[in-house]
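Below is structure_7.json, which holds JSON, C-alpha atoms (C1' of nucleotides).
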[["chain", "number", "residue", "atom", "x", "y", "z"],
["A", 23, "MET", "CA", 58.89, 175.23, 50.59],
["A", 24, "LEU", "CA", 58.03, 176.11, 47.00],
["A", 25, "GLU", "CA", 57.03, 173.32, 44.62],
["A", 26, "GLU", "CA", 60.17, 173.87, 42.56],
["A", 27, "LYS", "CA", 62.38, 173.64, 45.64],
["A", 28, "VAL", "CA", 60.55, 170.57, 46.86],
["A", 29, "GLU", "CA", 61.46, 168.77, 43.65],
["A", 30, "GLU", "CA", 65.04, 169.98, 43.84],
["A", 31, "VAL", "CA", 65.57, 169.07, 47.48],
["A", 32, "SER", "CA", 63.87, 165.69, 47.24],
["A", 33, "ALA", "CA", 66.04, 164.83, 44.25],
["A", 34, "LEU", "CA", 69.10, 165.79, 46.26],
["A", 35, "LEU", "CA", 67.97, 163.71, 49.23],
["A", 36, "LYS", "CA", 67.30, 160.76, 46.99],
["A", 37, "SER", "CA", 70.87, 160.83, 45.78],
["A", 38, "ILE", "CA", 72.09, 160.77, 49.38],
["A", 39, "ALA", "CA", 69.57, 158.28, 50.71],
["A", 40, "HIS", "CA", 71.47, 155.12, 49.98],
["A", 41, "PRO", "CA", 73.78, 153.49, 52.53],
["A", 42, "LEU", "CA", 76.70, 153.23, 50.15],
["A", 43, "ARG", "CA", 76.38, 156.77, 48.91],
["A", 44, "LEU", "CA", 75.98, 158.17, 52.41],
["A", 45, "LYS", "CA", 79.06, 156.25, 53.45],
["A", 46, "ILE", "CA", 80.99, 157.63, 50.48],
["A", 47, "LEU", "CA", 79.93, 161.17, 51.34],
["A", 48, "CYS", "CA", 81.13, 160.70, 54.91],
["A", 49, "LEU", "CA", 84.48, 159.45, 53.63],
["A", 50, "LEU", "CA", 84.77, 162.49, 51.41],
["A", 51, "GLN", "CA", 83.95, 165.00, 54.11],
["A", 52, "ASP", "CA", 87.52, 165.94, 54.88],
["A", 53, "ARG", "CA", 89.46, 164.71, 51.85],
["A", 54, "GLU", "CA", 89.35, 163.64, 48.25],
["A", 55, "LEU", "CA", 89.64, 159.97, 47.37],
["A", 56, "THR", "CA", 90.07, 157.85, 44.26],
["A", 57, "VAL", "CA", 87.53, 155.27, 43.18],
["A", 58, "GLY", "CA", 89.93, 152.54, 44.29],
["A", 59, "GLU", "CA", 90.38, 154.03, 47.73],
["A", 60, "ILE", "CA", 86.63, 154.30, 48.15],
["A", 61, "ARG", "CA", 86.13, 150.74, 46.94],
["A", 62, "GLU", "CA", 88.68, 149.58, 49.49],
["A", 63, "ALA", "CA", 86.97, 151.51, 52.31],
["A", 64, "VAL", "CA", 83.44, 150.34, 51.57],
["A", 65, "GLN", "CA", 84.23, 146.81, 50.44],
["A", 66, "THR", "CA", 82.47, 146.47, 47.13],
["A", 67, "THR", "CA", 83.35, 146.44, 43.45],
["A", 68, "ASN", "CA", 84.79, 149.26, 41.34],
["A", 69, "ALA", "CA", 81.75, 149.19, 39.09],
["A", 70, "ASN", "CA", 79.44, 149.59, 42.01],
["A", 71, "VAL", "CA", 81.34, 152.56, 43.43],
["A", 72, "SER", "CA", 81.64, 154.07, 39.99],
["A", 73, "GLN", "CA", 77.91, 153.87, 39.39],
["A", 74, "HIS", "CA", 77.06, 155.44, 42.71],
["A", 75, "LEU", "CA", 79.59, 158.20, 42.12],
["A", 76, "THR", "CA", 77.99, 158.83, 38.74],
["A", 77, "ILE", "CA", 74.62, 159.32, 40.40],
["A", 78, "MET", "CA", 76.10, 161.87, 42.78],
["A", 79, "ARG", "CA", 78.06, 163.60, 40.02],
["A", 80, "ASN", "CA", 74.93, 163.94, 37.95],
["A", 81, "GLN", "CA", 73.27, 165.50, 40.96],
["A", 82, "GLY", "CA", 76.17, 167.94, 41.25],
["A", 83, "ILE", "CA", 77.13, 166.74, 44.71],
["A", 84, "ILE", "CA", 80.50, 165.39, 43.73],
["A", 85, "VAL", "CA", 83.15, 166.53, 41.30],
["A", 86, "ALA", "CA", 86.01, 164.52, 39.89],
["A", 87, "ARG", "CA", 89.55, 165.51, 39.01],
["A", 88, "LYS", "CA", 91.65, 163.26, 36.86],
["A", 89, "ASP", "CA", 95.33, 162.67, 37.49],
["A", 90, "ALA", "CA", 97.10, 159.94, 35.54],
["A", 91, "ASN", "CA", 94.75, 157.01, 35.61],
["A", 92, "PHE", "CA", 93.29, 157.91, 38.95],
["A", 93, "ILE", "CA", 90.15, 159.89, 39.45],
["A", 94, "TYR", "CA", 89.98, 161.93, 42.62],
["A", 95, "ASN", "CA", 86.54, 162.64, 43.95],
["A", 96, "ARG", "CA", 85.40, 165.29, 46.32],
["A", 97, "ILE", "CA", 82.21, 166.92, 47.57],
["A", 98, "ALA", "CA", 81.32, 169.76, 45.22],
["A", 99, "ASP", "CA", 78.53, 171.42, 47.09],
["A", 100, "GLN", "CA", 79.43, 172.99, 50.41],
["A", 101, "ARG", "CA", 75.79, 172.84, 51.46],
["A", 102, "VAL", "CA", 75.80, 169.08, 51.16],
["A", 103, "ASP", "CA", 78.79, 168.97, 53.43],
["A", 104, "GLU", "CA", 76.88, 171.06, 55.95],
["A", 105, "LEU", "CA", 73.85, 168.83, 55.60],
["A", 106, "ILE", "CA", 75.94, 165.74, 56.38],
["A", 107, "ASN", "CA", 77.36, 167.51, 59.40],
["A", 108, "THR", "CA", 73.91, 168.38, 60.64],
["A", 109, "MET", "CA", 72.76, 164.81, 60.24],
["A", 110, "GLN", "CA", 75.76, 163.58, 62.19],
["A", 111, "ASP", "CA", 75.02, 166.09, 64.94],
["A", 112, "LEU", "CA", 71.38, 165.08, 65.09],
["A", 113, "PHE", "CA", 71.54, 161.32, 64.70],
["A", 114, "CYS", "CA", 74.98, 160.16, 65.83],
["B", 19, "MET", "CA", 79.60, 157.56, 60.73],
["B", 20, "LEU", "CA", 79.28, 154.02, 62.05],
["B", 21, "GLU", "CA", 77.89, 151.32, 59.77],
["B", 22, "GLU", "CA", 74.82, 150.95, 61.98],
["B", 23, "LYS", "CA", 74.14, 154.68, 61.90],
["B", 24, "VAL", "CA", 74.67, 154.80, 58.16],
["B", 25, "GLU", "CA", 71.88, 152.28, 57.69],
["B", 26, "GLU", "CA", 69.63, 154.12, 60.09],
["B", 27, "VAL", "CA", 70.20, 157.56, 58.62],
["B", 28, "SER", "CA", 69.94, 156.44, 55.00],
["B", 29, "ALA", "CA", 66.64, 154.72, 55.79],
["B", 30, "LEU", "CA", 65.41, 157.93, 57.34],
["B", 31, "LEU", "CA", 66.52, 159.99, 54.35],
["B", 32, "LYS", "CA", 64.84, 157.57, 52.00],
["B", 33, "SER", "CA", 61.54, 158.10, 53.73],
["B", 34, "ILE", "CA", 61.93, 161.87, 53.29],
["B", 35, "ALA", "CA", 63.34, 161.80, 49.78],
["B", 36, "HIS", "CA", 60.08, 161.86, 47.87],
["B", 37, "PRO", "CA", 58.50, 165.10, 46.71],
["B", 38, "LEU", "CA", 55.12, 164.31, 48.16],
["B", 39, "ARG", "CA", 56.49, 163.19, 51.50],
["B", 40, "LEU", "CA", 58.80, 166.19, 51.74],
["B", 41, "LYS", "CA", 55.87, 168.43, 50.98],
["B", 42, "ILE", "CA", 53.80, 166.74, 53.67],
["B", 43, "LEU", "CA", 56.57, 167.18, 56.21],
["B", 44, "CYS", "CA", 56.79, 170.88, 55.38],
["B", 45, "LEU", "CA", 53.04, 171.20, 55.86],
["B", 46, "LEU", "CA", 53.33, 169.49, 59.22],
["B", 47, "GLN", "CA", 56.15, 171.63, 60.50],
["B", 48, "ASP", "CA", 54.02, 173.97, 62.51],
["B", 49, "ARG", "CA", 50.74, 172.12, 62.91],
["B", 50, "GLU", "CA", 48.93, 168.82, 62.77],
["B", 51, "LEU", "CA", 46.70, 168.00, 59.82],
["B", 52, "THR", "CA", 44.19, 165.36, 58.84],
["B", 53, "VAL", "CA", 44.62, 163.13, 55.82],
["B", 54, "GLY", "CA", 41.92, 165.08, 54.02],
["B", 55, "GLU", "CA", 43.57, 168.41, 54.72],
["B", 56, "ILE", "CA", 46.86, 167.09, 53.42],
["B", 57, "ARG", "CA", 45.17, 165.65, 50.34],
["B", 58, "GLU", "CA", 43.61, 169.01, 49.68],
["B", 59, "ALA", "CA", 46.94, 170.82, 50.06],
["B", 60, "VAL", "CA", 48.95, 168.50, 47.85],
["B", 61, "GLN", "CA", 46.29, 167.70, 45.26],
["B", 62, "THR", "CA", 46.27, 163.94, 45.07],
["B", 63, "THR", "CA", 44.09, 161.06, 46.27],
["B", 64, "ASN", "CA", 43.39, 159.98, 49.82],
["B", 65, "ALA", "CA", 44.91, 156.59, 49.15],
["B", 66, "ASN", "CA", 48.11, 158.14, 47.93],
["B", 67, "VAL", "CA", 48.46, 160.40, 50.96],
["B", 68, "SER", "CA", 47.56, 157.54, 53.26],
["B", 69, "GLN", "CA", 50.22, 155.31, 51.80],
["B", 70, "HIS", "CA", 52.92, 157.94, 52.05],
["B", 71, "LEU", "CA", 51.90, 158.68, 55.63],
["B", 72, "THR", "CA", 52.16, 154.98, 56.42],
["B", 73, "ILE", "CA", 55.73, 154.94, 55.15],
["B", 74, "MET", "CA", 56.63, 157.84, 57.42],
["B", 75, "ARG", "CA", 54.77, 156.36, 60.38],
["B", 76, "ASN", "CA", 56.64, 153.12, 59.98],
["B", 77, "GLN", "CA", 59.86, 155.10, 60.00],
["B", 78, "GLY", "CA", 58.74, 156.79, 63.22],
["B", 79, "ILE", "CA", 58.79, 160.25, 61.68],
["B", 80, "ILE", "CA", 55.08, 160.84, 62.02],
["B", 81, "VAL", "CA", 52.50, 159.93, 64.63],
["B", 82, "ALA", "CA", 48.77, 159.90, 64.28],
["B", 83, "ARG", "CA", 46.02, 160.77, 66.71],
["B", 84, "LYS", "CA", 42.48, 159.73, 66.05],
["B", 85, "ASP", "CA", 39.50, 161.94, 66.78],
["B", 86, "ALA", "CA", 36.07, 160.93, 65.51],
["B", 87, "ASN", "CA", 36.67, 159.76, 61.98],
["B", 88, "PHE", "CA", 39.55, 162.11, 61.42],
["B", 89, "ILE", "CA", 43.17, 161.21, 61.86],
["B", 90, "TYR", "CA", 45.45, 164.03, 62.85],
["B", 91, "ASN", "CA", 49.06, 163.65, 61.84],
["B", 92, "ARG", "CA", 52.12, 165.38, 63.18],
["B", 93, "ILE", "CA", 55.88, 165.11, 63.11],
["B", 94, "ALA", "CA", 56.97, 162.76, 65.87],
["B", 95, "ASP", "CA", 60.70, 163.19, 65.80],
["B", 96, "GLN", "CA", 61.99, 166.62, 66.75],
["B", 97, "ARG", "CA", 65.26, 165.90, 64.97],
["B", 98, "VAL", "CA", 63.42, 165.48, 61.68],
["B", 99, "ASP", "CA", 61.85, 168.86, 62.21],
["B", 100, "GLU", "CA", 65.32, 170.32, 62.73],
["B", 101, "LEU", "CA", 66.59, 168.54, 59.64],
["B", 102, "ILE", "CA", 63.82, 170.03, 57.53],
["B", 103, "ASN", "CA", 64.65, 173.45, 58.93],
["B", 104, "THR", "CA", 68.31, 173.01, 58.06],
["B", 105, "MET", "CA", 67.45, 171.99, 54.52],
["B", 106, "GLN", "CA", 65.24, 175.03, 54.15],
["B", 107, "ASP", "CA", 68.03, 177.25, 55.42],
["B", 108, "LEU", "CA", 70.55, 175.70, 53.08],
["B", 109, "PHE", "CA", 68.56, 175.25, 49.90],
["B", 110, "CYS", "CA", 65.72, 177.77, 49.93],
["C", 4, "DA", "C1'", 103.66, 149.60, 20.68],
["C", 5, "DC", "C1'", 102.52, 146.60, 24.67],
["C", 6, "DA", "C1'", 101.29, 144.99, 29.34],
["C", 7, "DG", "C1'", 99.21, 146.45, 33.30],
["C", 8, "DT", "C1'", 96.26, 149.40, 36.23],
["C", 9, "DA", "C1'", 92.15, 152.41, 37.06],
["C", 10, "DT", "C1'", 87.88, 153.46, 35.85],
["C", 11, "DT", "C1'", 83.67, 153.48, 33.15],
["C", 12, "DT", "C1'", 80.03, 151.57, 30.39],
["C", 13, "DA", "C1'", 76.69, 148.27, 29.02],
["C", 14, "DA", "C1'", 73.70, 144.55, 29.62],
["C", 15, "DT", "C1'", 71.27, 141.61, 32.48],
["C", 16, "DT", "C1'", 68.62, 140.35, 36.36],
["C", 17, "DA", "C1'", 66.35, 141.05, 40.67],
["C", 18, "DT", "C1'", 64.33, 144.00, 43.82],
["C", 19, "DT", "C1'", 61.81, 147.76, 45.42],
["C", 20, "DA", "C1'", 58.87, 151.82, 44.94],
["C", 21, "DA", "C1'", 54.83, 154.44, 43.13],
["C", 22, "DA", "C1'", 50.31, 155.38, 41.37],
["C", 23, "DT", "C1'", 45.82, 153.89, 40.52],
["C", 24, "DT", "C1'", 41.52, 151.76, 41.36],
["C", 25, "DA", "C1'", 38.32, 149.45, 43.97],
["C", 26, "DA", "C1'", 36.91, 147.35, 48.12],
["C", 27, "DA", "C1'", 36.93, 147.33, 53.09],
["C", 28, "DT", "C1'", 37.07, 149.69, 57.84],
["C", 29, "DT", "C1'", 35.77, 152.86, 61.20],
["C", 30, "DC", "C1'", 33.25, 156.22, 63.02],
["C", 31, "DT", "C1'", 29.28, 159.75, 63.21],
["C", 32, "DA", "C1'", 24.87, 161.53, 63.15],
["C", 33, "DA", "C1'", 20.30, 161.14, 62.17],
["D", 22, "DT", "C1'", 20.48, 150.80, 62.36],
["D", 23, "DT", "C1'", 21.63, 152.77, 58.34],
["D", 24, "DA", "C1'", 23.61, 156.41, 55.20],
["D", 25, "DG", "C1'", 27.51, 158.94, 54.59],
["D", 26, "DA", "C1'", 32.22, 160.67, 55.42],
["D", 27, "DA", "C1'", 37.23, 159.71, 56.43],
["D", 28, "DT", "C1'", 40.69, 156.70, 56.07],
["D", 29, "DT", "C1'", 43.02, 152.36, 55.17],
["D", 30, "DT", "C1'", 43.97, 148.14, 52.81],
["D", 31, "DA", "C1'", 44.58, 145.23, 48.93],
["D", 32, "DA", "C1'", 45.53, 144.24, 44.28],
["D", 33, "DT", "C1'", 47.32, 145.50, 40.09],
["D", 34, "DT", "C1'", 50.31, 147.72, 36.93],
["D", 35, "DT", "C1'", 54.14, 150.41, 35.82],
["D", 36, "DA", "C1'", 58.46, 152.33, 36.61],
["D", 37, "DA", "C1'", 62.76, 153.07, 38.97],
["D", 38, "DT", "C1'", 66.87, 151.16, 41.56],
["D", 39, "DA", "C1'", 70.57, 148.12, 42.61],
["D", 40, "DA", "C1'", 73.97, 144.60, 42.06],
["D", 41, "DT", "C1'", 76.56, 141.78, 39.19],
["D", 42, "DT", "C1'", 79.34, 140.48, 35.41],
["D", 43, "DA", "C1'", 81.82, 141.27, 31.46],
["D", 44, "DA", "C1'", 83.58, 144.22, 28.05],
["D", 45, "DA", "C1'", 85.45, 148.68, 26.86],
["D", 46, "DT", "C1'", 88.17, 152.90, 27.57],
["D", 47, "DA", "C1'", 92.01, 155.72, 29.16],
["D", 48, "DC", "C1'", 96.24, 156.25, 30.86],
["D", 49, "DT", "C1'", 101.20, 154.80, 32.47],
["D", 50, "DG", "C1'", 105.74, 153.05, 32.25],
["D", 51, "DT", "C1'", 108.83, 150.35, 29.87]]
In structure tokens, what does this structure look like?
Amino acid sequence: MLEEKVEEVSALLKSIAHPLRLKILCLLQDRELTVGEIREAVQTTNANVSQHLTIMRNQGIIVARKDANFIYNRIADQRVDELINTMQDLFC
Amino acid sequence: MLEEKVEEVSALLKSIAHPLRLKILCLLQDRELTVGEIREAVQTTNANVSQHLTIMRNQGIIVARKDANFIYNRIADQRVDELINTMQDLFC
DNA sequence: ACAGTATTTAATTATTAAATTAAATTCTAA
DNA sequence: TTAGAATTTAATTTAATAATTAAATACTGT
């Protein structure tokens, strides 16, 4: 793997390598969810979910769509979806 | 993904999600290498390589074999090897 | 315009991770 | 048995992450 790719991929992994973020990504595998729905599913605070979503948005993994005062989140990068699938196949 | 698995997989990802460690894993994909060989390939200090190897050994990703005063390292978990391959397919 | 809901931002604190340097182990070969 | 090479360990410093709380923003419906 080229140096440049190593940096890119390790940055991507870092943004997935947190229990809450991994959980969020699993929730978003087959649907889009609002911050509130995610908060409800993972049992933490809005601020906490929001901050973790921000990390993943900055990484380009997740995109948000606004509708009224709800923000719907979904996985932006198809490859990340495939990576999650692979990890589930391998480790679950 | 079950809560228990989420913890397990995110811990695994964390131990891969560092540029130096990812680089080391790529180097070890098709062979075993000593600490010195790895240090040479990644251009850092022995201590630094050693510490990163320790992290991956503790995670069970890497095993070491001692011969004379050399320590040969290799990937211990076949699934990690497959994960690296998948990432290369997806992102390289 | 106002009250209420959803989300983000900011600030603080605590925890964990990383790199560096030097000292300590472990083994070999003479 | 001692000098030298390979690796680890320990200690220190610096930096990055995470959670929490409170305040701010953005939008809705009345």
After superposing chain A onto chain B (least squares, all C-alpha atoms, pairing by order), export the transformed chain as a tab-separated table (two decimals) with C-alpha atoms, in the coordinates of the input.
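Saved file superposed.tsv follows:
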chain	number	residue	atom	x	y	z
A	23	MET	CA	79.54	157.55	60.78
A	24	LEU	CA	79.24	154.01	62.09
A	25	GLU	CA	77.85	151.31	59.80
A	26	GLU	CA	74.78	150.93	61.99
A	27	LYS	CA	74.10	154.67	61.90
A	28	VAL	CA	74.65	154.79	58.17
A	29	GLU	CA	71.86	152.27	57.69
A	30	GLU	CA	69.61	154.12	60.10
A	31	VAL	CA	70.18	157.56	58.62
A	32	SER	CA	69.93	156.42	55.01
A	33	ALA	CA	66.63	154.71	55.80
A	34	LEU	CA	65.39	157.93	57.35
A	35	LEU	CA	66.51	159.97	54.35
A	36	LYS	CA	64.85	157.55	52.00
A	37	SER	CA	61.54	158.10	53.73
A	38	ILE	CA	61.93	161.85	53.28
A	39	ALA	CA	63.35	161.78	49.77
A	40	HIS	CA	60.11	161.86	47.87
A	41	PRO	CA	58.50	165.11	46.69
A	42	LEU	CA	55.12	164.31	48.16
A	43	ARG	CA	56.50	163.21	51.49
A	44	LEU	CA	58.81	166.20	51.74
A	45	LYS	CA	55.87	168.45	50.97
A	46	ILE	CA	53.79	166.74	53.66
A	47	LEU	CA	56.58	167.18	56.19
A	48	CYS	CA	56.79	170.88	55.38
A	49	LEU	CA	53.04	171.21	55.87
A	50	LEU	CA	53.32	169.50	59.22
A	51	GLN	CA	56.16	171.64	60.49
A	52	ASP	CA	54.02	173.98	62.52
A	53	ARG	CA	50.73	172.12	62.90
A	54	GLU	CA	48.94	168.82	62.77
A	55	LEU	CA	46.70	168.01	59.82
A	56	THR	CA	44.19	165.35	58.85
A	57	VAL	CA	44.64	163.12	55.83
A	58	GLY	CA	41.91	165.08	54.06
A	59	GLU	CA	43.56	168.41	54.73
A	60	ILE	CA	46.85	167.09	53.43
A	61	ARG	CA	45.18	165.63	50.35
A	62	GLU	CA	43.59	169.01	49.69
A	63	ALA	CA	46.93	170.83	50.07
A	64	VAL	CA	48.95	168.51	47.85
A	65	GLN	CA	46.28	167.71	45.28
A	66	THR	CA	46.25	163.95	45.09
A	67	THR	CA	44.11	161.08	46.29
A	68	ASN	CA	43.41	159.98	49.86
A	69	ALA	CA	44.94	156.59	49.17
A	70	ASN	CA	48.11	158.16	47.93
A	71	VAL	CA	48.48	160.41	50.97
A	72	SER	CA	47.59	157.55	53.26
A	73	GLN	CA	50.26	155.31	51.78
A	74	HIS	CA	52.94	157.95	52.06
A	75	LEU	CA	51.93	158.69	55.63
A	76	THR	CA	52.19	154.99	56.39
A	77	ILE	CA	55.76	154.95	55.13
A	78	MET	CA	56.65	157.85	57.40
A	79	ARG	CA	54.79	156.36	60.36
A	80	ASN	CA	56.65	153.11	59.95
A	81	GLN	CA	59.86	155.10	59.98
A	82	GLY	CA	58.74	156.79	63.20
A	83	ILE	CA	58.77	160.25	61.67
A	84	ILE	CA	55.08	160.85	62.00
A	85	VAL	CA	52.52	159.94	64.62
A	86	ALA	CA	48.77	159.90	64.28
A	87	ARG	CA	46.03	160.77	66.73
A	88	LYS	CA	42.50	159.72	66.06
A	89	ASP	CA	39.52	161.92	66.80
A	90	ALA	CA	36.11	160.88	65.52
A	91	ASN	CA	36.69	159.74	61.99
A	92	PHE	CA	39.57	162.09	61.42
A	93	ILE	CA	43.18	161.19	61.85
A	94	TYR	CA	45.47	164.02	62.84
A	95	ASN	CA	49.07	163.67	61.83
A	96	ARG	CA	52.10	165.38	63.18
A	97	ILE	CA	55.89	165.11	63.10
A	98	ALA	CA	56.98	162.74	65.85
A	99	ASP	CA	60.69	163.20	65.80
A	100	GLN	CA	61.97	166.63	66.75
A	101	ARG	CA	65.23	165.91	64.96
A	102	VAL	CA	63.41	165.48	61.69
A	103	ASP	CA	61.84	168.86	62.20
A	104	GLU	CA	65.29	170.32	62.72
A	105	LEU	CA	66.58	168.53	59.65
A	106	ILE	CA	63.81	170.05	57.51
A	107	ASN	CA	64.64	173.45	58.91
A	108	THR	CA	68.29	173.03	58.06
A	109	MET	CA	67.44	171.99	54.53
A	110	GLN	CA	65.23	175.04	54.12
A	111	ASP	CA	68.03	177.26	55.41
A	112	LEU	CA	70.55	175.69	53.07
A	113	PHE	CA	68.57	175.26	49.88
A	114	CYS	CA	65.72	177.77	49.90
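Going from atom CA of A:Arg43 to atom CA of A:Val28 covers 21.1 Å.
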Once you count all atoms listed in the file, what closest atom pair and distance in Å to one decimal does each residue of chain A within 10 Å of chain D have, with rows by chain and rising residue number, as a tab-separated table?
residue	atom	partner	partner_atom	distance
A:Thr67	CA	D:DT41	C1'	9.3
A:Ala69	CA	D:DT41	C1'	9.0
A:Asn70	CA	D:DA40	C1'	7.4
A:Gln73	CA	D:DA39	C1'	9.9
A:His74	CA	D:DA39	C1'	9.8
A:Asp89	CA	D:DC48	C1'	9.3
A:Ala90	CA	D:DC48	C1'	6.0
A:Asn91	CA	D:DC48	C1'	5.0
A:Phe92	CA	D:DC48	C1'	8.8
Would you give me, as a Markdown table, each residue of chain B having an atom within 9 Å of an atom of chain A, along with its shortest atom pair and that distance in Å to one decimal, using only C-alpha atoms and sorting by chain and residue number?
| residue | atom | partner | partner_atom | distance |
| --- | --- | --- | --- | --- |
| B:Met19 | CA | A:Cys48 | CA | 6.8 |
| B:Leu20 | CA | A:Cys114 | CA | 8.4 |
| B:Glu21 | CA | A:Lys45 | CA | 8.1 |
| B:Lys23 | CA | A:Cys114 | CA | 6.8 |
| B:Val24 | CA | A:Pro41 | CA | 5.8 |
| B:Glu25 | CA | A:Pro41 | CA | 5.6 |
| B:Glu26 | CA | A:Pro41 | CA | 8.6 |
| B:Val27 | CA | A:Phe113 | CA | 7.3 |
| B:Ser28 | CA | A:Ala39 | CA | 4.7 |
| B:Ala29 | CA | A:Ala39 | CA | 6.9 |
| B:Leu30 | CA | A:Ala39 | CA | 7.8 |
| B:Leu31 | CA | A:Ala39 | CA | 5.0 |
| B:Lys32 | CA | A:Ala39 | CA | 5.0 |
| B:Ser33 | CA | A:Ala39 | CA | 8.6 |
| B:Ile34 | CA | A:Ser32 | CA | 7.4 |
| B:Ala35 | CA | A:Ser32 | CA | 4.7 |
| B:His36 | CA | A:Ser32 | CA | 5.4 |
| B:Pro37 | CA | A:Ser32 | CA | 5.4 |
| B:Leu38 | CA | A:Val28 | CA | 8.4 |
| B:Arg39 | CA | A:Ser32 | CA | 8.9 |
| B:Leu40 | CA | A:Val28 | CA | 6.8 |
| B:Lys41 | CA | A:Val28 | CA | 6.6 |
| B:Cys44 | CA | A:Met23 | CA | 6.8 |
| B:Leu45 | CA | A:Met23 | CA | 8.8 |
| B:Arg97 | CA | A:Leu112 | CA | 6.2 |
| B:Val98 | CA | A:Leu112 | CA | 8.7 |
| B:Glu100 | CA | A:Leu112 | CA | 8.4 |
| B:Leu101 | CA | A:Met109 | CA | 7.2 |
| B:Thr104 | CA | A:Leu105 | CA | 7.4 |
| B:Met105 | CA | A:Leu105 | CA | 7.2 |
| B:Gln106 | CA | A:Met23 | CA | 7.3 |
| B:Leu108 | CA | A:Arg101 | CA | 6.2 |
| B:Phe109 | CA | A:Val31 | CA | 7.3 |
| B:Cys110 | CA | A:Lys27 | CA | 6.8 |
Keeping only C-alpha atoms, write the selected residues to a file as a PDB file, in the frame of the given file.
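What ended up in selection-v6.pdb:
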ATOM      1  CA  MET B  19      79.600 157.560  60.730  1.00  0.00           C
ATOM      2  CA  LEU B  20      79.280 154.020  62.050  1.00  0.00           C
ATOM      3  CA  GLU B  21      77.890 151.320  59.770  1.00  0.00           C
ATOM      4  CA  LYS B  23      74.140 154.680  61.900  1.00  0.00           C
ATOM      5  CA  VAL B  24      74.670 154.800  58.160  1.00  0.00           C
ATOM      6  CA  GLU B  25      71.880 152.280  57.690  1.00  0.00           C
ATOM      7  CA  GLU B  26      69.630 154.120  60.090  1.00  0.00           C
ATOM      8  CA  VAL B  27      70.200 157.560  58.620  1.00  0.00           C
ATOM      9  CA  SER B  28      69.940 156.440  55.000  1.00  0.00           C
ATOM     10  CA  ALA B  29      66.640 154.720  55.790  1.00  0.00           C
ATOM     11  CA  LEU B  30      65.410 157.930  57.340  1.00  0.00           C
ATOM     12  CA  LEU B  31      66.520 159.990  54.350  1.00  0.00           C
ATOM     13  CA  LYS B  32      64.840 157.570  52.000  1.00  0.00           C
ATOM     14  CA  SER B  33      61.540 158.100  53.730  1.00  0.00           C
ATOM     15  CA  ILE B  34      61.930 161.870  53.290  1.00  0.00           C
ATOM     16  CA  ALA B  35      63.340 161.800  49.780  1.00  0.00           C
ATOM     17  CA  HIS B  36      60.080 161.860  47.870  1.00  0.00           C
ATOM     18  CA  PRO B  37      58.500 165.100  46.710  1.00  0.00           C
ATOM     19  CA  LEU B  38      55.120 164.310  48.160  1.00  0.00           C
ATOM     20  CA  ARG B  39      56.490 163.190  51.500  1.00  0.00           C
ATOM     21  CA  LEU B  40      58.800 166.190  51.740  1.00  0.00           C
ATOM     22  CA  LYS B  41      55.870 168.430  50.980  1.00  0.00           C
ATOM     23  CA  CYS B  44      56.790 170.880  55.380  1.00  0.00           C
ATOM     24  CA  LEU B  45      53.040 171.200  55.860  1.00  0.00           C
ATOM     25  CA  ARG B  97      65.260 165.900  64.970  1.00  0.00           C
ATOM     26  CA  VAL B  98      63.420 165.480  61.680  1.00  0.00           C
ATOM     27  CA  GLU B 100      65.320 170.320  62.730  1.00  0.00           C
ATOM     28  CA  LEU B 101      66.590 168.540  59.640  1.00  0.00           C
ATOM     29  CA  THR B 104      68.310 173.010  58.060  1.00  0.00           C
ATOM     30  CA  MET B 105      67.450 171.990  54.520  1.00  0.00           C
ATOM     31  CA  GLN B 106      65.240 175.030  54.150  1.00  0.00           C
ATOM     32  CA  LEU B 108      70.550 175.700  53.080  1.00  0.00           C
ATOM     33  CA  PHE B 109      68.560 175.250  49.900  1.00  0.00           C
ATOM     34  CA  CYS B 110      65.720 177.770  49.930  1.00  0.00           C
TER      35      CYS B 110
END
Per residue of chain C within 9 Å of chain A, what are the shortest atom pair and its distance in Å to one decimal, counting all atoms listed in the file, with rows by chain and residue number, as JSON lines?
{"residue": "C:DT8", "atom": "C1'", "partner": "A:Asn91", "partner_atom": "CA", "distance": 7.8}
{"residue": "C:DA9", "atom": "C1'", "partner": "A:Asn91", "partner_atom": "CA", "distance": 5.5}
{"residue": "C:DT10", "atom": "C1'", "partner": "A:Ser72", "partner_atom": "CA", "distance": 7.5}
{"residue": "C:DT11", "atom": "C1'", "partner": "A:Ser72", "partner_atom": "CA", "distance": 7.2}
Problem - Interatomic distance, atom C1' of C:DA20 to atom CA of B:Asn91 (Å, one decimal) - result: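 Between these atoms lies a distance of 22.8 Å.
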Practice task
Measure the distance from atom CA of A:Gln51 to atom CA of A:Arg96 in Å and round it to one decimal.
Solution key: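 Going from atom CA of A:Gln51 over to atom CA of A:Arg96 covers 7.9 Å.
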List the spatial neighbours of A:Val85 as a CSV table (one decimal) with C-alpha atoms, keeping the file's coordinate frame - criterion: any atom at most 8 Å away, all atoms listed in the file, same-chain residues fewer than 2 positions off excluded.
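Writing done, so here's part-v1.csv:
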chain,number,residue,atom,x,y,z
A,79,ARG,CA,78.1,163.6,40.0
A,82,GLY,CA,76.2,167.9,41.2
A,83,ILE,CA,77.1,166.7,44.7
A,87,ARG,CA,89.6,165.5,39.0
A,95,ASN,CA,86.5,162.6,44.0
A,96,ARG,CA,85.4,165.3,46.3
A,97,ILE,CA,82.2,166.9,47.6
A,98,ALA,CA,81.3,169.8,45.2
Find the smallest box with edges along x, y and z containing every listed atom of stretch 75-86 of chain A, then add 5 Å on each side and report centre and edge lengths in Å to one decimal, as lines of an AutoDock Vina configuration file.
center_x = 79.6
center_y = 163.1
center_z = 41.3
size_x = 22.7
size_y = 19.7
size_z = 16.8
